[in-house]
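Raw contents of work_4.cif, mmCIF, C-alpha atoms:
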```
data_run
loop_
_atom_site.label_atom_id
_atom_site.label_comp_id
_atom_site.auth_asym_id
_atom_site.auth_seq_id
_atom_site.Cartn_x
_atom_site.Cartn_y
_atom_site.Cartn_z
CA MET A 1 163.13 94.18 74.93
CA ARG A 2 162.62 97.49 76.74
CA TYR A 3 159.82 100.04 76.63
CA ARG A 4 159.63 103.67 77.67
CA ILE A 5 156.56 103.90 79.89
CA LEU A 6 156.39 107.41 81.29
CA GLY A 7 156.44 109.73 78.34
CA GLY A 8 158.99 112.49 78.79
CA THR A 9 160.39 111.12 82.06
CA GLY A 10 162.66 108.73 80.20
CA ILE A 11 162.01 105.84 82.59
CA GLU A 12 162.12 102.45 80.87
CA VAL A 13 161.13 98.96 81.93
CA SER A 14 161.83 95.50 80.59
CA ALA A 15 159.25 93.62 78.55
CA HIS A 16 158.05 91.75 81.61
CA CYS A 17 157.55 93.14 85.10
CA LEU A 18 157.62 91.52 88.50
CA GLY A 19 154.64 92.19 90.73
CA THR A 20 155.09 91.49 94.44
CA MET A 21 151.41 91.81 95.32
CA MET A 22 151.17 88.23 96.60
CA PHE A 23 154.23 88.22 98.83
CA GLY A 24 153.45 87.93 102.51
CA ALA A 25 149.72 87.57 101.82
CA VAL A 26 147.79 84.52 100.60
CA GLY A 27 150.80 83.60 98.51
CA ASN A 28 154.27 82.99 99.97
CA PRO A 29 154.58 84.09 103.64
CA ASP A 30 158.32 83.32 103.80
CA HIS A 31 160.13 86.67 103.62
CA GLU A 32 163.52 85.19 102.77
CA GLU A 33 162.07 83.08 99.96
CA CYS A 34 160.32 86.15 98.57
CA VAL A 35 163.61 88.06 98.62
CA ARG A 36 165.28 85.22 96.72
CA ILE A 37 162.50 85.28 94.11
CA ILE A 38 162.93 89.03 93.60
CA HIS A 39 166.70 88.60 93.25
CA ALA A 40 166.17 85.82 90.70
CA ALA A 41 163.77 88.04 88.76
CA LEU A 42 166.36 90.82 88.62
CA ASP A 43 168.94 88.30 87.43
CA HIS A 44 166.54 87.39 84.60
CA GLY A 45 166.63 91.02 83.44
CA ILE A 46 163.39 92.17 85.02
CA ASN A 47 163.87 95.76 86.13
CA PHE A 48 160.43 96.81 87.39
CA VAL A 49 159.08 95.89 90.82
CA ASP A 50 155.48 96.76 91.68
CA THR A 51 153.80 96.65 95.08
CA ALA A 52 151.26 98.65 97.13
CA ASP A 53 150.88 99.94 100.66
CA MET A 54 147.76 97.85 101.31
CA TYR A 55 149.21 94.47 100.32
CA SER A 56 149.29 92.60 103.64
CA GLY A 57 149.05 95.88 105.51
CA GLY A 58 152.44 97.12 104.31
CA GLU A 59 154.28 93.79 104.60
CA SER A 60 154.81 93.55 100.85
CA GLU A 61 156.56 96.94 100.79
CA THR A 62 158.77 95.85 103.68
CA ILE A 63 159.77 92.66 101.85
CA THR A 64 160.46 94.63 98.69
CA GLY A 65 162.64 97.12 100.54
CA LYS A 66 164.62 94.28 102.07
CA ALA A 67 165.10 92.63 98.67
CA LEU A 68 166.34 95.81 97.00
CA LYS A 69 169.05 96.55 99.55
CA GLY A 70 172.14 97.35 97.49
CA ARG A 71 170.19 96.98 94.21
CA ARG A 72 167.88 99.98 94.36
CA ASP A 73 169.41 101.62 91.29
CA ASP A 74 168.79 98.45 89.25
CA VAL A 75 165.00 98.79 89.25
CA VAL A 76 162.05 101.00 88.56
CA LEU A 77 160.20 100.81 91.89
CA ALA A 78 156.45 101.33 91.94
CA THR A 79 153.88 101.35 94.73
CA LYS A 80 150.33 102.58 95.26
CA VAL A 81 148.03 104.54 97.56
CA HIS A 82 144.26 104.60 98.14
CA PHE A 83 142.98 101.70 100.22
CA LYS A 84 142.40 101.83 103.96
CA MET A 85 145.56 101.57 106.08
CA GLY A 86 144.28 101.50 109.64
CA GLU A 87 141.40 102.82 111.71
CA GLY A 88 139.82 106.22 111.16
CA ARG A 89 138.29 108.14 108.29
CA ASN A 90 141.50 109.85 107.21
CA ARG A 91 143.70 106.84 106.48
CA SER A 92 142.58 106.07 102.94
CA GLY A 93 141.52 107.72 99.70
CA ASN A 94 143.10 110.16 97.29
CA SER A 95 143.08 113.39 99.32
CA ARG A 96 146.11 115.63 99.77
CA ARG A 97 146.11 114.97 103.51
CA TRP A 98 146.27 111.20 103.15
CA ILE A 99 148.63 111.00 100.17
CA VAL A 100 151.21 113.20 101.92
CA ARG A 101 151.12 110.85 104.92
CA ALA A 102 150.94 107.64 102.90
CA VAL A 103 153.94 108.37 100.69
CA GLU A 104 156.13 108.90 103.76
CA ASP A 105 154.94 105.58 105.20
CA SER A 106 155.72 103.81 101.91
CA LEU A 107 159.19 105.38 101.69
CA ARG A 108 159.94 104.18 105.21
CA ARG A 109 158.74 100.61 104.57
CA LEU A 110 160.54 100.44 101.22
CA ASP A 111 163.68 101.87 102.86
CA THR A 112 164.27 104.26 99.97
CA ASP A 113 164.53 108.00 99.38
CA TRP A 114 162.33 108.03 96.30
CA ILE A 115 159.61 106.09 94.47
CA ASP A 116 159.92 105.90 90.68
CA LEU A 117 156.21 105.41 89.97
CA TYR A 118 153.54 106.28 92.56
CA GLN A 119 150.08 105.06 91.54
CA VAL A 120 146.59 105.93 92.73
CA HIS A 121 145.14 102.47 93.35
CA ARG A 122 141.48 103.28 92.58
CA PRO A 123 139.32 106.37 91.93
CA ASP A 124 138.04 108.32 94.95
CA HIS A 125 134.72 110.01 94.20
CA GLY A 126 134.89 111.82 97.53
CA THR A 127 137.95 113.79 96.42
CA ASP A 128 138.20 116.09 93.39
CA VAL A 129 140.76 114.66 90.99
CA GLU A 130 142.28 118.15 90.77
CA GLU A 131 143.34 117.83 94.43
CA THR A 132 144.90 114.43 93.74
CA LEU A 133 146.83 115.60 90.68
CA SER A 134 148.00 118.69 92.53
CA VAL A 135 149.50 116.85 95.49
CA LEU A 136 151.11 114.24 93.23
CA GLY A 137 152.72 117.02 91.23
CA ASP A 138 154.03 118.54 94.45
CA LEU A 139 155.56 115.19 95.44
CA VAL A 140 157.38 115.09 92.09
CA SER A 141 158.71 118.60 92.69
CA ALA A 142 159.83 117.56 96.18
CA GLY A 143 161.76 114.59 94.75
CA LYS A 144 159.82 112.01 96.74
CA ILE A 145 158.40 110.42 93.55
CA ARG A 146 159.65 110.54 89.97
CA ALA A 147 156.32 110.12 88.18
CA PHE A 148 152.75 109.06 88.96
CA GLY A 149 149.97 107.03 87.43
CA CYS A 150 146.72 105.26 88.30
CA SER A 151 145.47 101.71 88.61
CA THR A 152 142.20 100.12 87.50
CA PHE A 153 140.59 103.42 86.48
CA PRO A 154 137.60 103.20 84.12
CA ALA A 155 138.13 104.91 80.77
CA GLU A 156 135.87 107.84 81.68
CA GLU A 157 137.95 108.51 84.81
CA LEU A 158 141.11 108.61 82.69
CA VAL A 159 139.52 111.10 80.31
CA GLU A 160 138.31 113.31 83.16
CA ALA A 161 141.71 113.30 84.84
CA HIS A 162 143.44 114.32 81.62
CA HIS A 163 140.94 117.09 80.95
CA VAL A 164 141.32 118.44 84.49
CA ALA A 165 145.12 118.37 84.17
CA GLU A 166 144.94 120.28 80.90
CA ARG A 167 142.46 122.88 82.19
CA ARG A 168 144.30 123.50 85.46
CA GLY A 169 147.85 123.26 84.16
CA LEU A 170 148.61 120.25 86.34
CA PRO A 171 150.84 117.23 85.62
CA ARG A 172 148.87 114.24 84.38
CA PHE A 173 148.72 110.51 85.02
CA ARG A 174 151.49 108.90 83.00
CA THR A 175 150.49 105.25 83.41
CA GLU A 176 147.48 103.05 83.98
CA GLN A 177 147.62 99.59 85.57
CA PRO A 178 144.49 97.58 84.60
CA PRO A 179 143.62 93.88 84.92
CA TYR A 180 143.93 92.16 81.56
CA SER A 181 143.93 88.52 80.53
CA ILE A 182 142.49 86.17 77.93
CA LEU A 183 139.45 85.70 80.21
CA ALA A 184 139.07 89.42 81.01
CA ARG A 185 139.30 91.45 77.81
CA GLY A 186 136.87 94.25 78.63
CA ILE A 187 139.52 96.97 78.63
CA GLU A 188 140.15 96.38 74.92
CA ALA A 189 136.96 98.32 74.21
CA ASP A 190 137.76 101.48 76.16
CA VAL A 191 140.70 101.70 78.59
CA LEU A 192 143.38 100.57 76.14
CA PRO A 193 142.27 102.86 73.29
CA VAL A 194 142.07 105.81 75.71
CA ALA A 195 145.53 105.05 77.08
CA ARG A 196 146.95 105.01 73.56
CA ARG A 197 145.22 108.29 72.75
CA TYR A 198 146.85 110.01 75.73
CA GLY A 199 150.23 108.32 75.35
CA MET A 200 150.00 106.51 78.68
CA GLY A 201 152.13 103.54 79.63
CA VAL A 202 150.00 100.48 80.41
CA LEU A 203 151.18 97.91 82.98
CA THR A 204 148.64 95.10 83.06
CA TRP A 205 148.05 92.79 86.03
CA SER A 206 146.49 89.36 86.60
CA PRO A 207 147.50 87.71 83.30
CA LEU A 208 146.61 84.34 84.88
CA ALA A 209 143.04 85.51 85.61
CA SER A 210 143.22 84.94 89.37
CA GLY A 211 144.76 81.54 88.75
CA PHE A 212 142.29 80.21 86.20
CA LEU A 213 145.01 80.28 83.53
CA SER A 214 147.59 78.61 85.75
CA GLY A 215 146.41 75.12 84.78
CA LYS A 216 145.40 74.38 88.36
CA TYR A 217 141.66 74.53 87.68
CA ARG A 218 140.19 72.21 85.03
CA LEU A 219 136.68 71.36 83.91
CA GLY A 220 135.35 68.45 85.96
CA GLY A 221 138.28 68.56 88.35
CA PRO A 222 138.17 69.22 92.11
CA VAL A 223 138.30 72.80 93.40
CA ASP A 224 139.43 73.43 96.99
CA LEU A 225 137.40 76.40 98.24
CA THR A 226 139.11 76.40 101.66
CA SER A 227 142.58 77.68 100.76
CA GLY A 228 144.39 80.33 98.71
CA ARG A 229 142.51 82.69 96.45
CA ALA A 230 139.50 80.38 96.35
CA ALA A 231 139.02 80.78 100.10
CA LEU A 232 139.07 84.59 99.78
CA THR A 233 136.60 84.76 96.89
CA PRO A 234 134.85 81.38 96.60
CA ALA A 235 132.23 82.75 94.21
CA ARG A 236 134.97 83.14 91.59
CA PHE A 237 135.96 79.47 91.81
CA ASP A 238 132.88 77.47 92.77
CA PRO A 239 132.27 75.10 89.81
CA ALA A 240 128.56 75.04 90.62
CA ILE A 241 128.25 78.65 89.41
CA PRO A 242 127.51 78.90 85.65
CA GLY A 243 129.93 81.78 85.11
CA ASN A 244 132.78 79.69 86.46
CA VAL A 245 131.80 76.82 84.18
CA ALA A 246 132.18 79.20 81.22
CA LYS A 247 135.70 80.06 82.37
CA LEU A 248 136.60 76.40 82.77
CA GLU A 249 135.25 75.58 79.31
CA ALA A 250 137.42 78.34 77.86
CA VAL A 251 140.41 77.00 79.78
CA GLU A 252 140.01 73.56 78.19
CA GLN A 253 140.17 75.10 74.71
CA LEU A 254 143.15 77.25 75.69
CA VAL A 255 145.02 74.23 77.06
CA GLU A 256 144.50 72.52 73.71
CA LEU A 257 145.78 75.63 71.91
CA ALA A 258 148.85 75.88 74.14
CA ASP A 259 149.64 72.20 73.54
CA SER A 260 149.38 72.72 69.79
CA ILE A 261 152.10 75.40 69.80
CA GLY A 262 154.34 73.67 72.34
CA CYS A 263 153.92 75.91 75.37
CA THR A 264 152.18 75.77 78.74
CA LEU A 265 148.91 77.50 79.55
CA PRO A 266 150.63 80.06 81.85
CA GLU A 267 153.14 80.87 79.11
CA LEU A 268 150.30 81.44 76.64
CA ALA A 269 148.50 83.61 79.22
CA VAL A 270 151.50 85.86 79.84
CA ALA A 271 152.32 86.19 76.13
CA PHE A 272 148.78 87.30 75.26
CA PRO A 273 148.69 90.80 76.83
CA VAL A 274 152.13 91.67 75.44
CA ALA A 275 150.73 91.29 71.90
CA HIS A 276 148.40 94.29 72.34
CA PRO A 277 149.98 97.51 70.98
CA ALA A 278 148.76 99.57 73.93
CA VAL A 279 150.39 97.32 76.55
CA THR A 280 153.82 98.38 77.78
CA SER A 281 154.52 95.52 80.14
CA VAL A 282 152.85 92.67 82.00
CA ILE A 283 153.07 92.32 85.77
CA ILE A 284 153.55 88.81 87.08
CA GLY A 285 153.15 87.66 90.70
CA PRO A 286 155.13 84.46 91.23
CA ARG A 287 154.85 82.75 94.63
CA THR A 288 157.61 80.23 93.98
CA MET A 289 160.85 80.06 92.02
CA GLU A 290 159.28 77.48 89.71
CA GLN A 291 156.41 79.83 88.90
CA LEU A 292 158.88 82.64 88.15
CA GLU A 293 160.77 80.48 85.65
CA GLY A 294 157.57 79.52 83.83
CA LEU A 295 156.20 83.04 83.69
CA VAL A 296 159.45 84.50 82.39
CA LYS A 297 159.32 81.98 79.53
CA GLY A 298 155.87 83.29 78.65
CA ALA A 299 157.19 86.85 78.45
CA GLY A 300 159.55 85.76 75.68
CA LEU A 301 156.89 83.89 73.68
CA VAL A 302 155.67 85.55 70.47
CA LEU A 303 152.14 84.63 69.38
CA ASP A 304 151.43 84.71 65.65
CA ASP A 305 148.16 85.86 64.07
CA ASP A 306 146.76 82.33 63.78
CA VAL A 307 147.11 81.81 67.53
CA LEU A 308 145.61 85.22 68.34
CA ASP A 309 142.72 84.52 65.94
CA ARG A 310 142.02 81.27 67.78
CA ILE A 311 142.07 83.08 71.12
CA ASP A 312 139.53 85.55 69.67
CA GLU A 313 137.29 82.60 68.81
CA ILE A 314 137.51 81.22 72.35
CA VAL A 315 136.95 84.57 74.10
CA GLU A 316 135.76 87.34 71.81
CA PRO A 317 137.59 90.69 71.92
CA GLY A 318 136.30 93.11 74.56
CA ARG A 319 134.50 90.41 76.57
CA ASN A 320 134.95 89.66 80.26
CA LEU A 321 134.13 86.14 81.41
CA TYR A 322 134.24 87.48 84.96
CA ARG A 323 134.54 90.85 86.72
CA PRO A 324 138.32 91.15 87.11
CA ASP A 325 138.34 93.78 89.85
CA GLY A 326 136.75 92.11 92.85
CA VAL A 327 137.94 94.78 95.31
CA TRP A 328 136.31 98.00 94.08
CA ARG A 329 133.00 98.86 92.46
CA PRO A 330 131.98 102.31 91.17
CA PRO A 331 129.72 104.09 93.67
CA ALA A 332 127.11 104.38 90.91
CA LEU A 333 126.76 100.58 91.13
CA ALA A 334 127.65 99.86 94.75
CA ASP A 335 125.37 102.50 96.31
CA ALA A 336 121.70 101.70 95.74
CA ALA A 337 120.74 105.30 96.50
CA GLN A 338 122.60 106.38 93.36
CA ARG A 339 120.61 103.94 91.23
CA ARG A 340 117.10 104.59 92.61
CA ARG A 341 114.95 107.68 92.70
CA ALA A 342 113.22 108.53 95.96
CA LEU A 343 110.11 106.35 96.30
CA GLY A 344 107.73 109.24 95.69
CA ASP A 345 109.48 110.19 92.44
CA ARG A 346 109.41 106.79 90.72
CA ALA A 347 106.04 107.05 88.99
CA ALA A 348 106.30 107.41 85.23
CA GLY A 349 103.39 109.84 85.00
#
```

structure tokens encoding of this file:
Amino acid sequence: MRYRILGGTGIEVSAHCLGTMMFGAVGNPDHEECVRIIHAALDHGINFVDTADMYSGGESETITGKALKGRRDDVVLATKVHFKMGEGRNRSGNSRRWIVRAVEDSLRRLDTDWIDLYQVHRPDHGTDVEETLSVLGDLVSAGKIRAFGCSTFPAEELVEAHHVAERRGLPRFRTEQPPYSILARGIEADVLPVARRYGMGVLTWSPLASGFLSGKYRLGGPVDLTSGRAALTPARFDPAIPGNVAKLEAVEQLVELADSIGCTLPELAVAFPVAHPAVTSVIIGPRTMEQLEGLVKGAGLVLDDDVLDRIDEIVEPGRNLYRPDGVWRPPALADAAQRRRALGDRAAG
């Protein structure tokens, strides 16, 4: 199955996408093995490869460029810009100055003349979105990128960006890449309806909920907090934390559901986002060939209404059992000064 994801650009992707975000990082550090996994994914019919400049400080882009040697025309190639890439104040964000520099760095690491989909990795409240849309439009005109989108933008940021584009006569974001899984369904209430309203392609990430839907973590079982993802964010995995217990309890019910329909938990997890009418494709991040094979099976699994109804009973629609974006928080929440009046102004009278 194929989907058109970028409106009038005519770019299409397969029903399941390959995300390389783990390669060379806390996942598989073996470059040659990562290349083999990408080649195997392409042989399975996957034709979309997603990465970002900040994954392992550019290493993921380098691996991706190596893997696509001689096969560049076979894929839709996507990468991202926003996060800090070195020392200094001017090596991050969504400003014209940084994006013009960052896209050249990504093109060099990817060893390509163009990027099919260039995505703004997070909002930048220090830069007017008009400036960001303007420079991205210029990069399209220059032929360095074919289209552009955003990643993990709240619904209100999507609305603002579209209104600014309309008012200023600028090209608009064509895609959004949000986290979405059975355990993190918050975007069903706002981001997904907004994306449908504006005709945006939606490429969801983290279908395995940071590994909780991989089958590795079970209620009452041991959790190693010294390696992998658990070592990076132990608060997400520590079974002594009540929120993690709620995730594990949901996992037990989902394992039972998967068994009842003859599939694995990861297959169920990957099939779930595809069922939503707003979702164009699901990004997977396999670290091994075995994981790739299992995840591809999930992309071909069709869930009927009875199964989706049962999932709704386990995790109600629109509910997050954890905060899926552990990297970025809106300044309105992260900066205490934006949440508190000056001391002298706090009296009610």

Here's the selection I'm unsure about, the PyMOL selection byres ((chain A and resi 233) around 12); applied to the file above, which residues does it give, as a ChimeraX atom specification? /A:26,210-211,224-232,234-238,324-327

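Run against this file, the PyMOL selection byres ((chain A and resi 184) around 7) gives back A:Tyr180, A:Ser181, A:Ile182, A:Leu183, A:Arg185, A:Gly186, A:Arg319, A:Asn320, A:Leu321, A:Tyr322, A:Pro324.
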
Select, from A:Ala275, A:Val81, A:Ile187, A:Val251, the residue with the minimum atom-to-atom distance to A:Asn94, counting only C-alpha atoms. A:Val81

With a cut-off of 10 Å, could you pull out the residues of stretch 175-223 of chain A touching stretch 116-120 of chain A and give me the nearest pair of atoms for each, distance in Å to one decimal, using only C-alpha atoms, ordered by chain and ascending number, as a tab-separated table?
```
residue	atom	partner	partner_atom	distance
A:Thr175	CA	A:Gln119	CA	8.1
A:Glu176	CA	A:Gln119	CA	8.2
A:Gln177	CA	A:Gln119	CA	8.5
```

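You can rank A:Leu68, A:Leu265, A:Leu257, A:Leu170 by their closest distance to A:Val140 using all atoms listed in the file, and at the top of that list sits A:Leu170.
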
Using the chain letters and numbers from the file, which residues does the PyMOL selection byres ((chain A and resi 279) around 9) grab, as a PyMOL selection string? chain A and resi 192+196+201-204+273-278+280-282

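With distances restricted to all atoms listed in the file, A:Pro193 is the closest residue to A:Gly318 from A:Gly143, A:Gly86, A:Pro193, A:Pro207.
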
Box centre and edge lengths (Å, one decimal), axis-aligned, stretch 264-282 of chain A plus 6 Å each side, as lines of an AutoDock Vina configuration file:
```
center_x = 151.5
center_y = 87.7
center_z = 76.5
size_x = 18.1
size_y = 35.8
size_z = 23.0
```

Neighbour list for A:Pro266 as a short mmCIF file (atom, residue, chain, number, x, y, z; two decimals) with C-alpha atoms, in the coordinates of the input, cut-off 7 Å, all atoms listed in the file, skip fewer than 6 positions in-chain:
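part11.cif written:
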```
data_model
loop_
_atom_site.label_atom_id
_atom_site.label_comp_id
_atom_site.auth_asym_id
_atom_site.auth_seq_id
_atom_site.Cartn_x
_atom_site.Cartn_y
_atom_site.Cartn_z
CA LEU A 208 146.61 84.34 84.88
CA LEU A 213 145.01 80.28 83.53
CA SER A 214 147.59 78.61 85.75
CA LEU A 295 156.20 83.04 83.69
CA GLY A 298 155.87 83.29 78.65
#
```

Using atom CA of A:Leu301 and atom CA of A:Asn47 as the two end points, give the distance in Å to one decimal. 18.6 Å

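For the residues A:Val191, A:Ile284, A:Leu139, A:Cys150, ranking by smallest atom-to-atom distance to A:Asp124 using all atoms listed in the file places A:Cys150 first.
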
Could you please determine the separation between atom CA of A:Ile115 and atom CA of A:Lys297 in Å, to one decimal place? 28.4 Å

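Atom pair atom CA of A:Arg146 / atom CA of A:Leu110: separated by 15.1 Å.
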
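Residue nearest A:Trp328 within the list A:Arg122, A:Ser106, A:Tyr198, A:Lys80: A:Arg122 [criterion: smallest interatomic distance, only C-alpha atoms].
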
Taking 5 positions as the minimum chain separation for residues in the same chain, which residues sit within 10 Å of A:Lys84 when counting all atoms listed in the file? Answer as a ChimeraX atom specification. /A:53-54,57,89-93
